[in-house]
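Source file: query-v3.csv; contents: CSV, C-alpha atoms.
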chain,number,residue,atom,x,y,z
A,1,PRO,CA,44.1,72.2,-51.7
A,2,THR,CA,41.5,73.5,-49.2
A,3,LEU,CA,43.8,72.8,-46.2
A,4,ARG,CA,46.1,75.6,-45.2
A,5,ASN,CA,49.1,73.4,-44.6
A,6,ASN,CA,50.3,70.2,-46.1
A,7,VAL,CA,50.2,67.5,-43.4
A,8,ASP,CA,53.4,65.4,-43.6
A,9,GLU,CA,54.2,63.8,-40.3
A,10,PRO,CA,53.7,60.5,-38.3
A,11,ILE,CA,50.2,59.8,-37.0
A,12,TRP,CA,49.9,58.0,-33.6
A,13,SER,CA,47.3,57.2,-31.1
A,14,ALA,CA,47.0,55.2,-27.9
A,15,GLY,CA,44.1,54.3,-25.7
A,16,PHE,CA,42.1,51.6,-24.0
A,17,SER,CA,38.7,49.8,-24.1
A,18,ALA,CA,36.9,48.4,-21.1
A,19,ARG,CA,33.7,46.6,-20.1
A,20,PRO,CA,32.8,47.9,-16.6
A,21,GLY,CA,29.7,45.8,-16.6
A,22,PRO,CA,27.8,43.3,-18.7
A,23,ARG,CA,25.8,46.2,-20.3
A,24,THR,CA,28.5,48.8,-20.7
A,25,LYS,CA,31.4,49.3,-23.1
A,26,LEU,CA,33.9,52.2,-23.2
A,27,ARG,CA,36.7,53.2,-25.5
A,28,LEU,CA,39.0,56.2,-25.2
A,29,THR,CA,42.0,57.3,-27.3
A,30,TYR,CA,44.5,60.1,-27.4
A,31,GLY,CA,47.1,60.9,-30.1
A,32,HIS,CA,48.5,63.3,-32.6
A,33,ARG,CA,47.4,63.7,-36.2
A,34,ASP,CA,47.0,66.4,-38.8
A,35,GLY,CA,49.3,68.7,-36.9
A,36,ALA,CA,47.4,68.7,-33.6
A,37,ASP,CA,46.4,66.6,-30.6
A,38,SER,CA,43.5,64.3,-31.2
A,39,PHE,CA,40.9,62.8,-28.9
A,40,SER,CA,38.2,60.3,-29.6
A,41,GLY,CA,36.0,58.0,-27.6
A,42,ASP,CA,32.7,56.2,-27.5
A,43,GLY,CA,30.5,54.4,-24.9
A,44,THR,CA,27.5,52.1,-25.1
A,45,TYR,CA,25.0,51.2,-22.5
A,46,LYS,CA,22.3,48.5,-23.1
A,47,PHE,CA,19.1,49.0,-21.1
A,48,GLY,CA,17.8,45.7,-22.5
A,49,ALA,CA,18.1,43.3,-25.4
A,50,LYS,CA,16.6,45.7,-27.8
A,51,THR,CA,17.4,49.2,-26.3
A,52,SER,CA,20.8,50.9,-26.2
A,53,LEU,CA,22.3,54.3,-25.7
A,54,THR,CA,25.6,55.2,-27.5
A,55,ALA,CA,27.7,58.3,-27.2
A,56,THR,CA,30.6,59.1,-29.5
A,57,TYR,CA,33.2,61.9,-29.9
A,58,THR,CA,35.6,62.3,-32.8
A,59,GLU,CA,38.2,64.7,-34.2
A,60,LYS,CA,39.5,64.3,-37.7
A,61,ILE,CA,40.1,65.8,-41.1
A,62,GLN,CA,37.0,65.0,-43.0
A,63,THR,CA,36.0,65.1,-46.7
A,64,THR,CA,32.7,65.0,-48.6
A,65,GLN,CA,33.6,61.6,-50.1
A,66,SER,CA,34.3,59.9,-46.8
A,67,LEU,CA,31.0,61.2,-45.4
A,68,PHE,CA,29.2,59.8,-48.4
A,69,GLN,CA,30.8,56.4,-47.9
A,70,ASN,CA,30.0,56.4,-44.2
A,71,ASN,CA,26.3,57.0,-45.0
A,72,LEU,CA,26.2,54.2,-47.5
A,73,GLN,CA,27.6,51.8,-44.8
A,74,ALA,CA,24.3,52.2,-42.9
A,75,LEU,CA,22.1,51.5,-46.0
A,76,ALA,CA,19.8,48.5,-45.7
A,77,THR,CA,16.3,47.4,-46.7
A,78,ASP,CA,13.4,46.4,-44.5
A,79,GLU,CA,10.9,43.6,-45.0
A,80,PHE,CA,9.0,45.8,-47.4
A,81,GLY,CA,12.0,46.5,-49.6
A,82,ASN,CA,12.3,50.1,-48.6
A,83,PHE,CA,15.7,51.7,-48.1
A,84,ILE,CA,16.3,52.3,-44.3
A,85,ASP,CA,19.1,53.4,-42.0
A,86,SER,CA,20.2,50.1,-40.3
A,87,ARG,CA,21.0,52.0,-37.1
A,88,THR,CA,17.5,53.3,-36.6
A,89,ALA,CA,15.3,51.2,-38.9
A,90,GLN,CA,13.8,54.4,-40.2
A,91,ALA,CA,13.7,55.8,-43.8
A,92,PHE,CA,17.2,56.2,-45.2
A,93,ASN,CA,18.3,59.9,-45.8
A,94,ILE,CA,21.5,60.1,-47.8
A,95,GLY,CA,23.8,63.0,-47.3
A,96,ASN,CA,24.4,65.2,-44.2
A,97,THR,CA,21.4,67.3,-43.4
A,98,GLY,CA,23.4,69.6,-41.2
A,99,PHE,CA,25.6,71.0,-43.9
A,100,GLY,CA,24.6,69.7,-47.4
A,101,LEU,CA,27.2,68.9,-50.0
A,102,SER,CA,30.7,70.5,-50.0
A,103,ASN,CA,33.9,70.0,-52.0
A,104,ASP,CA,36.1,71.2,-49.1
A,105,ALA,CA,38.3,69.2,-46.8
A,106,PHE,CA,37.7,70.4,-43.2
A,107,HIS,CA,38.6,69.8,-39.6
A,108,GLN,CA,35.7,68.1,-38.0
A,109,LYS,CA,34.7,67.8,-34.3
A,110,ARG,CA,31.6,65.8,-33.6
A,111,PHE,CA,29.7,64.7,-30.5
A,112,GLU,CA,26.6,62.5,-30.8
A,113,MET,CA,24.3,60.6,-28.5
A,114,ARG,CA,22.0,58.0,-30.1
A,115,LEU,CA,19.1,56.1,-28.4
A,116,VAL,CA,17.7,53.1,-30.4
A,117,GLY,CA,15.2,50.6,-29.2
A,118,SER,CA,12.1,48.6,-29.9
A,119,SER,CA,9.1,47.2,-28.0
A,120,GLY,CA,6.6,44.9,-29.5
A,121,ARG,CA,5.5,46.3,-32.8
A,122,ASN,CA,7.1,49.7,-32.1
A,123,GLY,CA,10.6,50.9,-33.0
A,124,TYR,CA,12.0,54.3,-31.8
A,125,GLY,CA,15.1,56.3,-31.9
A,126,ALA,CA,16.6,59.7,-30.9
A,127,VAL,CA,19.8,61.5,-31.9
A,128,VAL,CA,21.3,64.5,-30.3
A,129,SER,CA,24.5,65.9,-31.9
A,130,ARG,CA,26.9,68.9,-32.1
A,131,GLU,CA,29.3,69.3,-35.0
A,132,GLU,CA,31.9,71.8,-35.8
A,133,ARG,CA,33.6,72.2,-39.2
A,134,GLU,CA,36.6,74.5,-39.5
A,135,THR,CA,37.6,75.2,-43.2
A,136,ASP,CA,41.1,76.5,-43.7
A,137,ALA,CA,40.3,78.0,-47.1
A,138,THR,CA,37.7,80.4,-45.7
A,139,SER,CA,38.9,80.6,-42.1
A,140,THR,CA,35.4,80.0,-40.8
A,141,THR,CA,33.9,77.5,-38.4
A,142,GLN,CA,30.4,76.3,-38.9
A,143,VAL,CA,28.5,74.8,-36.0
A,144,VAL,CA,25.3,72.7,-36.1
A,145,ASP,CA,23.3,71.6,-33.1
A,146,SER,CA,20.5,69.1,-33.9
A,147,ILE,CA,18.0,66.8,-32.3
A,148,ALA,CA,15.9,64.2,-34.1
A,149,VAL,CA,13.3,61.8,-32.8
A,150,ASN,CA,11.7,59.0,-34.9
A,151,TRP,CA,9.1,56.3,-34.3
A,152,GLY,CA,7.9,53.4,-36.4
A,153,ARG,CA,5.1,50.8,-36.0
A,154,THR,CA,4.2,47.6,-37.7
A,155,LEU,CA,0.5,47.9,-38.3
A,156,ASP,CA,0.0,44.4,-39.6
A,157,PRO,CA,2.0,41.9,-41.6
A,158,TYR,CA,1.7,44.1,-44.7
A,159,ALA,CA,1.9,47.7,-43.5
A,160,ASN,CA,4.1,49.9,-41.3
A,161,ALA,CA,4.0,53.6,-40.4
A,162,ASN,CA,6.8,56.0,-39.3
A,163,ALA,CA,7.2,59.6,-38.1
A,164,THR,CA,10.2,61.8,-37.6
A,165,LEU,CA,10.6,65.2,-35.8
A,166,ARG,CA,13.8,67.2,-36.3
A,167,TYR,CA,15.2,70.6,-35.0
A,168,GLN,CA,18.5,72.0,-36.2
A,169,ALA,CA,20.3,75.2,-35.4
A,170,THR,CA,23.1,76.3,-37.7
A,171,ASP,CA,25.7,79.0,-37.1
A,172,PHE,CA,27.6,79.6,-40.4
A,173,GLY,CA,30.4,81.6,-38.7
A,174,GLY,CA,32.6,84.1,-40.5
A,175,THR,CA,31.7,87.7,-41.0
A,176,VAL,CA,28.3,87.1,-42.5
A,177,GLY,CA,26.8,86.1,-39.2
A,178,ARG,CA,24.1,84.0,-40.7
A,179,LYS,CA,22.1,81.8,-38.3
A,180,ASP,CA,19.3,79.4,-39.3
A,181,ASN,CA,16.8,77.4,-37.3
A,182,LEU,CA,15.2,74.5,-39.1
A,183,TYR,CA,12.1,72.5,-38.0
A,184,SER,CA,10.7,69.5,-39.9
A,185,VAL,CA,8.2,66.8,-39.4
A,186,GLN,CA,7.7,63.7,-41.7
A,187,PHE,CA,5.0,61.0,-41.7
A,188,GLY,CA,5.1,57.9,-43.9
A,189,LEU,CA,3.1,54.7,-44.6
A,190,ASN,CA,4.4,51.7,-46.4
A,191,TYR,CA,2.3,48.8,-47.7
A,192,ARG,CA,3.3,45.5,-49.3
A,193,PHE,CA,0.8,44.2,-51.9
A,194,GLY,CA,2.9,41.2,-52.7
A,195,PRO,CA,6.4,39.7,-52.4
A,196,SER,CA,7.7,42.2,-55.0
A,197,PHE,CA,5.0,44.9,-55.2
A,198,PHE,CA,5.1,47.8,-52.7
A,199,GLY,CA,3.3,51.1,-52.2
A,200,PHE,CA,4.3,54.2,-50.1
A,201,ALA,CA,2.9,57.6,-49.1
A,202,THR,CA,4.9,60.3,-47.3
A,203,ASN,CA,4.3,63.9,-46.2
A,204,SER,CA,7.1,66.2,-45.2
A,205,LEU,CA,6.8,69.7,-43.7
A,206,LEU,CA,9.9,71.9,-43.4
A,207,LEU,CA,10.3,75.4,-42.0
A,208,ARG,CA,13.6,77.3,-42.0
A,209,GLN,CA,14.0,80.6,-40.2
A,210,SER,CA,17.0,82.7,-40.8
A,211,ASN,CA,18.5,86.2,-40.0
A,212,ALA,CA,19.8,86.3,-43.6
A,213,ALA,CA,17.8,88.0,-46.3
A,214,ASN,CA,15.9,85.6,-48.7
A,215,SER,CA,17.1,82.5,-46.8
A,216,GLU,CA,13.8,81.6,-45.1
A,217,LEU,CA,11.9,78.7,-46.5
A,218,THR,CA,8.6,76.8,-46.0
A,219,GLU,CA,8.1,73.6,-47.9
A,220,ASN,CA,5.4,70.9,-47.8
A,221,VAL,CA,6.0,67.8,-50.0
A,222,THR,CA,3.6,64.9,-50.4
A,223,ALA,CA,4.7,61.8,-52.3
A,224,VAL,CA,2.7,58.7,-53.3
A,225,GLY,CA,4.3,55.9,-55.2
A,226,LEU,CA,4.3,52.2,-56.3
A,227,ARG,CA,7.3,50.0,-56.8
A,228,LYS,CA,7.5,46.7,-58.6
A,229,ILE,CA,10.6,44.5,-58.5
A,230,PHE,CA,11.2,42.2,-61.4

In structure tokens, how does this file's structure come out?
Amino acid sequence: PTLRNNVDEPIWSAGFSARPGPRTKLRLTYGHRDGADSFSGDGTYKFGAKTSLTATYTEKIQTTQSLFQNNLQALATDEFGNFIDSRTAQAFNIGNTGFGLSNDAFHQKRFEMRLVGSSGRNGYGAVVSREERETDATSTTQVVDSIAVNWGRTLDPYANANATLRYQATDFGGTVGRKDNLYSVQFGLNYRFGPSFFGFATNSLLLRQSNAANSELTENVTAVGLRKIF
């Protein structure tokens, strides 16, 4: 019910995939869906056996439920039993930090570049993205530009550490004119006491600046915990 028009028509697309070289993959498609022309594509370049750069662009009608399912597809655990994002090997963060939860269906356009790699005991990653969400019900388009950089290191056979830096600029669109800038940094340490006994400590600092009254926020959260698996 949040879409302006009921979509009732054939959906089609055509495209090609190619491997220009042993380290490069490309895919491009063009079609018609949801009452409009549609484009998508992705490309991957491998710098080495453990380092790759991927770029993707998609246009689709998206819902909160499908976003939730997409996030769960990347859910995995590391050797310490901690939930991680399998694409980056960093701490798993459910939900979409750019927009939060929503019950609306919306037209989504998203471009993302992702660098993932590892060297020795270090793992690293970086994500740059731009996403637009057009909601028919409110006739507004929200835009989020973000960049995140993460690093992890295996300290010894029992412990690892990780850090994440993130910047996010949000334009909420519409007549309100609200714009936010969000900065965050997180540090974490995981330790394995035994095959099924784990400990962790994290510290997260978040700063949100906004031109909307009462929307600015400063938050510092420290968490320490133990987990035993039976």

Shell of 9 Å around A:Glu9, all atoms listed in the file, local chain residues under 5 positions omitted, as a compact mmCIF listing (two decimals) with C-alpha atoms, in the frame of the given file:
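As a result, result_37.txt now contains:
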# COMPACT_ATOMS: atom_id res chain seq x y z
CA ARG A 33 47.40 63.70 -36.20
CA ASP A 34 47.00 66.40 -38.80
CA GLY A 35 49.30 68.70 -36.90

> Excluding same-chain residues fewer than 3 positions from A:Phe47, what lies within 12 Å of it counting only C-alpha atoms, as a PyMOL selection string?
Replying inline: chain A and resi 21-24+44+50-54+115-118

Neighbourhood query: residues within 12 Å of (3.2, 43.3, -54.1), file coordinates, counting only C-alpha atoms; return as a PDB file with C-alpha atoms, in the frame of the given file.
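New file part35.pdb:
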ATOM      1  CA  GLU A  79      10.900  43.600 -45.000  1.00  0.00           C
ATOM      2  CA  PHE A  80       9.000  45.800 -47.400  1.00  0.00           C
ATOM      3  CA  GLY A  81      12.000  46.500 -49.600  1.00  0.00           C
ATOM      4  CA  TYR A 158       1.700  44.100 -44.700  1.00  0.00           C
ATOM      5  CA  ALA A 159       1.900  47.700 -43.500  1.00  0.00           C
ATOM      6  CA  ASN A 190       4.400  51.700 -46.400  1.00  0.00           C
ATOM      7  CA  TYR A 191       2.300  48.800 -47.700  1.00  0.00           C
ATOM      8  CA  ARG A 192       3.300  45.500 -49.300  1.00  0.00           C
ATOM      9  CA  PHE A 193       0.800  44.200 -51.900  1.00  0.00           C
ATOM     10  CA  GLY A 194       2.900  41.200 -52.700  1.00  0.00           C
ATOM     11  CA  PRO A 195       6.400  39.700 -52.400  1.00  0.00           C
ATOM     12  CA  SER A 196       7.700  42.200 -55.000  1.00  0.00           C
ATOM     13  CA  PHE A 197       5.000  44.900 -55.200  1.00  0.00           C
ATOM     14  CA  PHE A 198       5.100  47.800 -52.700  1.00  0.00           C
ATOM     15  CA  GLY A 199       3.300  51.100 -52.200  1.00  0.00           C
ATOM     16  CA  PHE A 200       4.300  54.200 -50.100  1.00  0.00           C
ATOM     17  CA  LEU A 226       4.300  52.200 -56.300  1.00  0.00           C
ATOM     18  CA  ARG A 227       7.300  50.000 -56.800  1.00  0.00           C
ATOM     19  CA  LYS A 228       7.500  46.700 -58.600  1.00  0.00           C
ATOM     20  CA  ILE A 229      10.600  44.500 -58.500  1.00  0.00           C
ATOM     21  CA  PHE A 230      11.200  42.200 -61.400  1.00  0.00           C
TER      22      PHE A 230
END

Non-local contacts of A:Gln108 (6 Å; all atoms listed in the file; under 4 positions in same chain excluded) as an mmCIF file with C-alpha atoms, in the coordinates of the input:
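See selection.cif below for the written result:
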data_model
loop_
_atom_site.group_PDB
_atom_site.id
_atom_site.type_symbol
_atom_site.label_atom_id
_atom_site.label_comp_id
_atom_site.auth_asym_id
_atom_site.auth_seq_id
_atom_site.Cartn_x
_atom_site.Cartn_y
_atom_site.Cartn_z
ATOM 1 C CA GLU A 59 38.200 64.700 -34.200
ATOM 2 C CA LYS A 60 39.500 64.300 -37.700
ATOM 3 C CA ILE A 61 40.100 65.800 -41.100
ATOM 4 C CA GLU A 132 31.900 71.800 -35.800
ATOM 5 C CA ARG A 133 33.600 72.200 -39.200
#

Go through stretch 137-191 of chain A residue by residue and, counting all atoms listed in the file, keep those with an atom at most 8 Å from stretch 201-218 of chain A; for each kept residue give the shortest atom pair and its distance in Å to one decimal, ordered by chain and increasing number, as JSON lines.
{"residue": "A:Arg178", "atom": "CA", "partner": "A:Ala212", "partner_atom": "CA", "distance": 5.7}
{"residue": "A:Lys179", "atom": "CA", "partner": "A:Ser210", "partner_atom": "CA", "distance": 5.8}
{"residue": "A:Asp180", "atom": "CA", "partner": "A:Ser210", "partner_atom": "CA", "distance": 4.3}
{"residue": "A:Asn181", "atom": "CA", "partner": "A:Gln209", "partner_atom": "CA", "distance": 5.1}
{"residue": "A:Leu182", "atom": "CA", "partner": "A:Arg208", "partner_atom": "CA", "distance": 4.3}
{"residue": "A:Tyr183", "atom": "CA", "partner": "A:Leu207", "partner_atom": "CA", "distance": 5.3}
{"residue": "A:Ser184", "atom": "CA", "partner": "A:Leu206", "partner_atom": "CA", "distance": 4.3}
{"residue": "A:Val185", "atom": "CA", "partner": "A:Leu205", "partner_atom": "CA", "distance": 5.4}
{"residue": "A:Gln186", "atom": "CA", "partner": "A:Ser204", "partner_atom": "CA", "distance": 4.3}
{"residue": "A:Phe187", "atom": "CA", "partner": "A:Asn203", "partner_atom": "CA", "distance": 5.4}
{"residue": "A:Gly188", "atom": "CA", "partner": "A:Thr202", "partner_atom": "CA", "distance": 4.2}
{"residue": "A:Leu189", "atom": "CA", "partner": "A:Ala201", "partner_atom": "CA", "distance": 5.4}
{"residue": "A:Asn190", "atom": "CA", "partner": "A:Ala201", "partner_atom": "CA", "distance": 6.7}

How would the residues just picked look written out with C-alpha atoms as an mmCIF file, keeping the file's coordinate frame?
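The new file result20.cif reads:
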data_model
loop_
_atom_site.group_PDB
_atom_site.id
_atom_site.type_symbol
_atom_site.label_atom_id
_atom_site.label_comp_id
_atom_site.auth_asym_id
_atom_site.auth_seq_id
_atom_site.Cartn_x
_atom_site.Cartn_y
_atom_site.Cartn_z
ATOM 1 C CA ARG A 178 24.100 84.000 -40.700
ATOM 2 C CA LYS A 179 22.100 81.800 -38.300
ATOM 3 C CA ASP A 180 19.300 79.400 -39.300
ATOM 4 C CA ASN A 181 16.800 77.400 -37.300
ATOM 5 C CA LEU A 182 15.200 74.500 -39.100
ATOM 6 C CA TYR A 183 12.100 72.500 -38.000
ATOM 7 C CA SER A 184 10.700 69.500 -39.900
ATOM 8 C CA VAL A 185 8.200 66.800 -39.400
ATOM 9 C CA GLN A 186 7.700 63.700 -41.700
ATOM 10 C CA PHE A 187 5.000 61.000 -41.700
ATOM 11 C CA GLY A 188 5.100 57.900 -43.900
ATOM 12 C CA LEU A 189 3.100 54.700 -44.600
ATOM 13 C CA ASN A 190 4.400 51.700 -46.400
#

Excluding A:Gly41 and its own-chain neighbours fewer than 2 positions away, which residues fall within 10 Å of it when counting only C-alpha atoms? Please give them as a PDB file with C-alpha atoms, keeping the file's coordinate frame.
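Resulting contents of out.pdb:
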ATOM      1  CA  GLY A  15      44.100  54.300 -25.700  1.00  0.00           C
ATOM      2  CA  PHE A  16      42.100  51.600 -24.000  1.00  0.00           C
ATOM      3  CA  SER A  17      38.700  49.800 -24.100  1.00  0.00           C
ATOM      4  CA  LEU A  26      33.900  52.200 -23.200  1.00  0.00           C
ATOM      5  CA  ARG A  27      36.700  53.200 -25.500  1.00  0.00           C
ATOM      6  CA  LEU A  28      39.000  56.200 -25.200  1.00  0.00           C
ATOM      7  CA  THR A  29      42.000  57.300 -27.300  1.00  0.00           C
ATOM      8  CA  TYR A  30      44.500  60.100 -27.400  1.00  0.00           C
ATOM      9  CA  PHE A  39      40.900  62.800 -28.900  1.00  0.00           C
ATOM     10  CA  GLY A  43      30.500  54.400 -24.900  1.00  0.00           C
ATOM     11  CA  ALA A  55      27.700  58.300 -27.200  1.00  0.00           C
ATOM     12  CA  THR A  56      30.600  59.100 -29.500  1.00  0.00           C
ATOM     13  CA  TYR A  57      33.200  61.900 -29.900  1.00  0.00           C
ATOM     14  CA  THR A  58      35.600  62.300 -32.800  1.00  0.00           C
ATOM     15  CA  GLU A  59      38.200  64.700 -34.200  1.00  0.00           C
ATOM     16  CA  PHE A 111      29.700  64.700 -30.500  1.00  0.00           C
TER      17      PHE A 111
END

> In Å, with one decimal, what is the gap from atom CA of A:Ala14 to atom CA of A:Thr63?
Replying inline: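 Rounded to one decimal, the two atoms are 23.9 Å apart.
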
> Can you tell me how far atom CA of A:Val143 sits from atom CA of A:Ser129, in Å to one decimal?
Replying inline: 10.6 Å
